[in-house]
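J.: Attaching a single structure in structure tokens format; questions to follow.
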Amino acid sequence: MNRFSYVRARDVQGAVEVVSANPSARFIGGGTNLLDLMKEHVTSPSHLVDITRLPLNGIEDTPDGGLRIGALVTNSEVAWNAQVERRYPLLSKAILAGASPQLRNMATTGGNLLQRTRCYYFYDVGTPCNKREPGSGCGAKAGFNRIHAILGTSEQCIATHPSDMCVALAALDAVVRVTGRDGERTIPFADFHRLPGDTPHLDTNLRPDELITAVELPPEGFAAHSTYLKVRDRASYAFALVSVAAALTLDGDRIQAARLALGGVAHKPWRDPEAEALLAGRPATREHFQAAAEALVRDAKGFGHNTFKIELAKRSVVRALEQAAGQEGQR
Ligand SMILES: Cc1cc2nc3c(=O)[nH]c(=O)nc-3n(C[C@H](O)[C@H](O)[C@H](O)COP(=O)(O)OP(=O)(O)OC[C@H]3O[C@@H](n4cnc5c(N)ncnc54)[C@H](O)[C@@H]3O)c2cc1C
Ligand code: SF4
């Protein structure tokens, strides 16, 4: 590990000032991703700004009937929070599908949003990687790409975004609240993460000096009809090959509204409004679930080892919709 200095931030503005004054400084939350990246020499910040004592660790109601989760609330605290379990069970389930209890006890809400891809070539500094070193090439495209993306890829990068929590937040239309040198702003979840395009080194639209202070959930939590389905190589402690956050509002057996977000398939949690529109106003039947699944993967492209994900994603979407509608096991 390289040498670095360490400061513990006392307030949000002070934390932002240190990081804006030094492009090589980084905030550190739980440290469960950043420290690994430093040990592997993928990143070498000169300063670490410890934000864990900032007053961003509450979960509270918002005036519009939603819920605000502070950036420093741990993943365990969010998943087991009574309000989250009751009103947003999709979020609770997605978090508990990720990592291990020990990691979830350390990992923070803000850090989870910014965890970096698990692409093996990104972690191996002896191989080319446009995300780690722009312009060096991509080891994964013609390499071993079993865990890589099938949607929204670019010539430059085919990495996937690894977070489970973010897939649920995308389906729930969460909003990210941030503070930077120029003040506060909010970023809709759909605009928070980026596709790789020609700038695969940028994972998000967060500015370098901005601190995530909270994630806000709208009032609609789809508590009656939602699920998180995660397909992975082992039953626990593994990242998703494909995951689906499915949420429905039903009037009898008719779908009023549908949300579908996919994990493990793209550089960001994947939403497709056209696929969701195919469900709205229609009966909650397997035929319509399959039509939505086909639409979701219509532009998917495999790179050899990961081509199986196209069929896996389709089947996972159908199964998740059946679970959300309460139909699984009825056939
Ligand atoms: C073995 C292992 C298995 C895992 N399995 C899964 C899994 O199955 N599913 C899953 O979703 N995750 C998994 N994870 C990832 C884990 O969830 C993340 O490492 C964790 O959520 C990161 O949170 P953190 O607070 O520790 O972030 P840190 O490591 O502290 O920070 C991560 C990044 O976020 C930045 N940052 C942190 N907080 C803020 C903030 N408030 N504002 C701005 N920038 C900030 C840091 O500068 C850094 O760049 C796994 C991790 C490990 C080590
Ligand atoms: S897929 Fe992206 S992260 Fe992986 S090697 Fe290629 S450029 Fe790097």
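The way I read the labels, and the way they are meant: chains A, B, ... in the order of the structure tokens, residue 1 as the first residue of every chain, and ligand 1 as the first ligand shown, with later ones counted on from there.
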Counting only C-alpha atoms and all ligand atoms, give me one row per residue of chain A with an atom at most 8 Å from an atom of ligand 1, showing the shortest contact pair and its distance in Å to one decimal, sorted by chain then residue number, as a tab-separated table.

T.:
```
residue	atom	partner	partner_atom_place_in_ligand_line	distance
A:Arg26	CA	ligand 1	47 (O)	4.6
A:Phe27	CA	ligand 1	47 (O)	4.0
A:Ile28	CA	ligand 1	30 (O)	4.1
A:Gly29	CA	ligand 1	30 (O)	3.4
A:Gly30	CA	ligand 1	26 (O)	3.4
A:Gly31	CA	ligand 1	30 (O)	3.3
A:Thr32	CA	ligand 1	26 (O)	3.7
A:Asn33	CA	ligand 1	29 (O)	3.5
A:Leu34	CA	ligand 1	29 (O)	3.8
A:Leu35	CA	ligand 1	29 (O)	6.2
A:Asp36	CA	ligand 1	53 (C)	7.3
A:Ile51	CA	ligand 1	41 (N)	7.2
A:Ala71	CA	ligand 1	41 (N)	5.1
A:Leu72	CA	ligand 1	41 (N)	6.6
A:Thr74	CA	ligand 1	25 (O)	7.4
A:Asn75	CA	ligand 1	21 (O)	7.2
A:Ile95	CA	ligand 1	11 (O)	6.8
A:Ala97	CA	ligand 1	8 (O)	6.5
A:Gly98	CA	ligand 1	8 (O)	3.4
A:Ala99	CA	ligand 1	5 (N)	3.2
A:Ser100	CA	ligand 1	3 (C)	6.7
A:Leu103	CA	ligand 1	51 (C)	6.5
A:Arg104	CA	ligand 1	17 (O)	6.6
A:Met106	CA	ligand 1	26 (O)	6.0
A:Ala107	CA	ligand 1	25 (O)	3.8
A:Thr108	CA	ligand 1	25 (O)	3.7
A:Thr109	CA	ligand 1	25 (O)	6.5
A:Gly110	CA	ligand 1	41 (N)	4.1
A:Gly111	CA	ligand 1	27 (O)	3.4
A:Asn112	CA	ligand 1	21 (O)	3.2
A:Leu113	CA	ligand 1	21 (O)	7.0
A:Leu114	CA	ligand 1	34 (O)	4.4
A:Gln115	CA	ligand 1	32 (C)	4.8
A:Arg116	CA	ligand 1	33 (C)	7.4
A:Pro162	CA	ligand 1	11 (O)	5.7
A:Ser163	CA	ligand 1	11 (O)	3.3
A:Asp164	CA	ligand 1	11 (O)	4.0
A:Met165	CA	ligand 1	11 (O)	5.7
A:Cys166	CA	ligand 1	11 (O)	7.5
A:Val178	CA	ligand 1	42 (N)	7.6
A:Glu210	CA	ligand 1	43 (C)	6.2
A:Leu211	CA	ligand 1	42 (N)	3.7
A:Ile212	CA	ligand 1	42 (N)	3.7
A:Thr213	CA	ligand 1	41 (N)	5.7
A:Ala214	CA	ligand 1	41 (N)	7.8
A:Ser236	CA	ligand 1	8 (O)	7.7
A:Tyr237	CA	ligand 1	5 (N)	5.6
A:Ala238	CA	ligand 1	8 (O)	4.9
A:Phe239	CA	ligand 1	8 (O)	4.0
A:Ala240	CA	ligand 1	8 (O)	6.6
```

J.: Hey, which residues come within 7 Å of ligand 2 if we count only C-alpha atoms and all ligand atoms? Could you give them as a PDB file with C-alpha atoms, in the first residue's frame?

T.:
```pdb
ATOM      1  CA  THR A 117     -16.755  -3.133 -10.558  1.00  0.00           C
ATOM      2  CA  CYS A 119     -14.071  -7.146 -13.207  1.00  0.00           C
ATOM      3  CA  TYR A 120     -10.986  -9.335 -12.583  1.00  0.00           C
ATOM      4  CA  TYR A 121      -8.908  -7.332 -15.078  1.00  0.00           C
ATOM      5  CA  PHE A 122      -9.704  -4.102 -13.250  1.00  0.00           C
ATOM      6  CA  PRO A 128      -4.870  -3.684 -19.598  1.00  0.00           C
ATOM      7  CA  CYS A 129      -8.008  -1.973 -18.336  1.00  0.00           C
ATOM      8  CA  ASN A 130      -9.535   1.242 -19.677  1.00  0.00           C
ATOM      9  CA  LYS A 131     -11.387   1.817 -16.424  1.00  0.00           C
ATOM     10  CA  ARG A 132      -8.232   1.660 -14.294  1.00  0.00           C
ATOM     11  CA  GLY A 137      -7.267  -1.454 -23.565  1.00  0.00           C
ATOM     12  CA  CYS A 138      -9.753  -3.941 -22.173  1.00  0.00           C
ATOM     13  CA  GLY A 139      -8.606  -7.386 -21.060  1.00  0.00           C
ATOM     14  CA  ALA A 140     -12.138  -8.660 -20.651  1.00  0.00           C
ATOM     15  CA  LYS A 141     -13.623  -8.283 -24.141  1.00  0.00           C
ATOM     16  CA  HIS A 148     -19.484  -9.210 -17.660  1.00  0.00           C
ATOM     17  CA  GLN A 156     -14.034   0.544 -24.235  1.00  0.00           C
ATOM     18  CA  CYS A 157     -15.547  -1.437 -21.365  1.00  0.00           C
ATOM     19  CA  ILE A 158     -17.974  -4.299 -20.660  1.00  0.00           C
ATOM     20  CA  ALA A 159     -17.867  -4.201 -16.849  1.00  0.00           C
ATOM     21  CA  PRO A 200     -15.276   4.013 -18.653  1.00  0.00           C
TER      22      PRO A 200
END
```

J.: Go through A:Ala79, A:Ala142, A:Val16, A:Leu248 and flag the residue nearest Leu48 in chain A, using only C-alpha atoms for the distances.

T.: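 Ranked by minimum distance to Leu48 in chain A, first place goes to A:Val16.
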
J.: Just the residues within 7 Å of Gly263 in chain A, please, counting only C-alpha atoms, with nothing from its chain fewer than 6 positions along; format it as a PyMOL selection string.

T.: chain A and resi 164+167+240+242-244+269-270

J.: Just write the chosen residues, C-alpha atoms, as a tab-separated table (two decimals), in the first residue's frame.

T.:
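Saved the output as out_32.tsv:
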```tsv
chain	number	residue	atom	x	y	z
A	164	ASP	CA	-27.45	-5.39	-5.08
A	167	VAL	CA	-30.77	-2.46	-8.19
A	240	ALA	CA	-24.94	-11.52	-8.95
A	242	VAL	CA	-28.09	-11.71	-12.96
A	243	SER	CA	-30.46	-10.13	-10.46
A	244	VAL	CA	-33.95	-8.68	-10.80
A	269	PRO	CA	-28.68	-0.98	-12.69
A	270	TRP	CA	-30.66	-1.54	-15.90
```

J.: For Arg319 in chain A, work out the shell of residues within 9 Å, counting only C-alpha atoms and skipping chain neighbours fewer than 3 positions away, then give it as a count of residues only.

T.: 9

J.: Find the distance between CA of Thr285 in chain A and CA of Leu90 in chain A and write it in Å to one decimal.

T.: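 So the two atoms, CA of Thr285 in chain A and CA of Leu90 in chain A, lie 21.2 Å apart.
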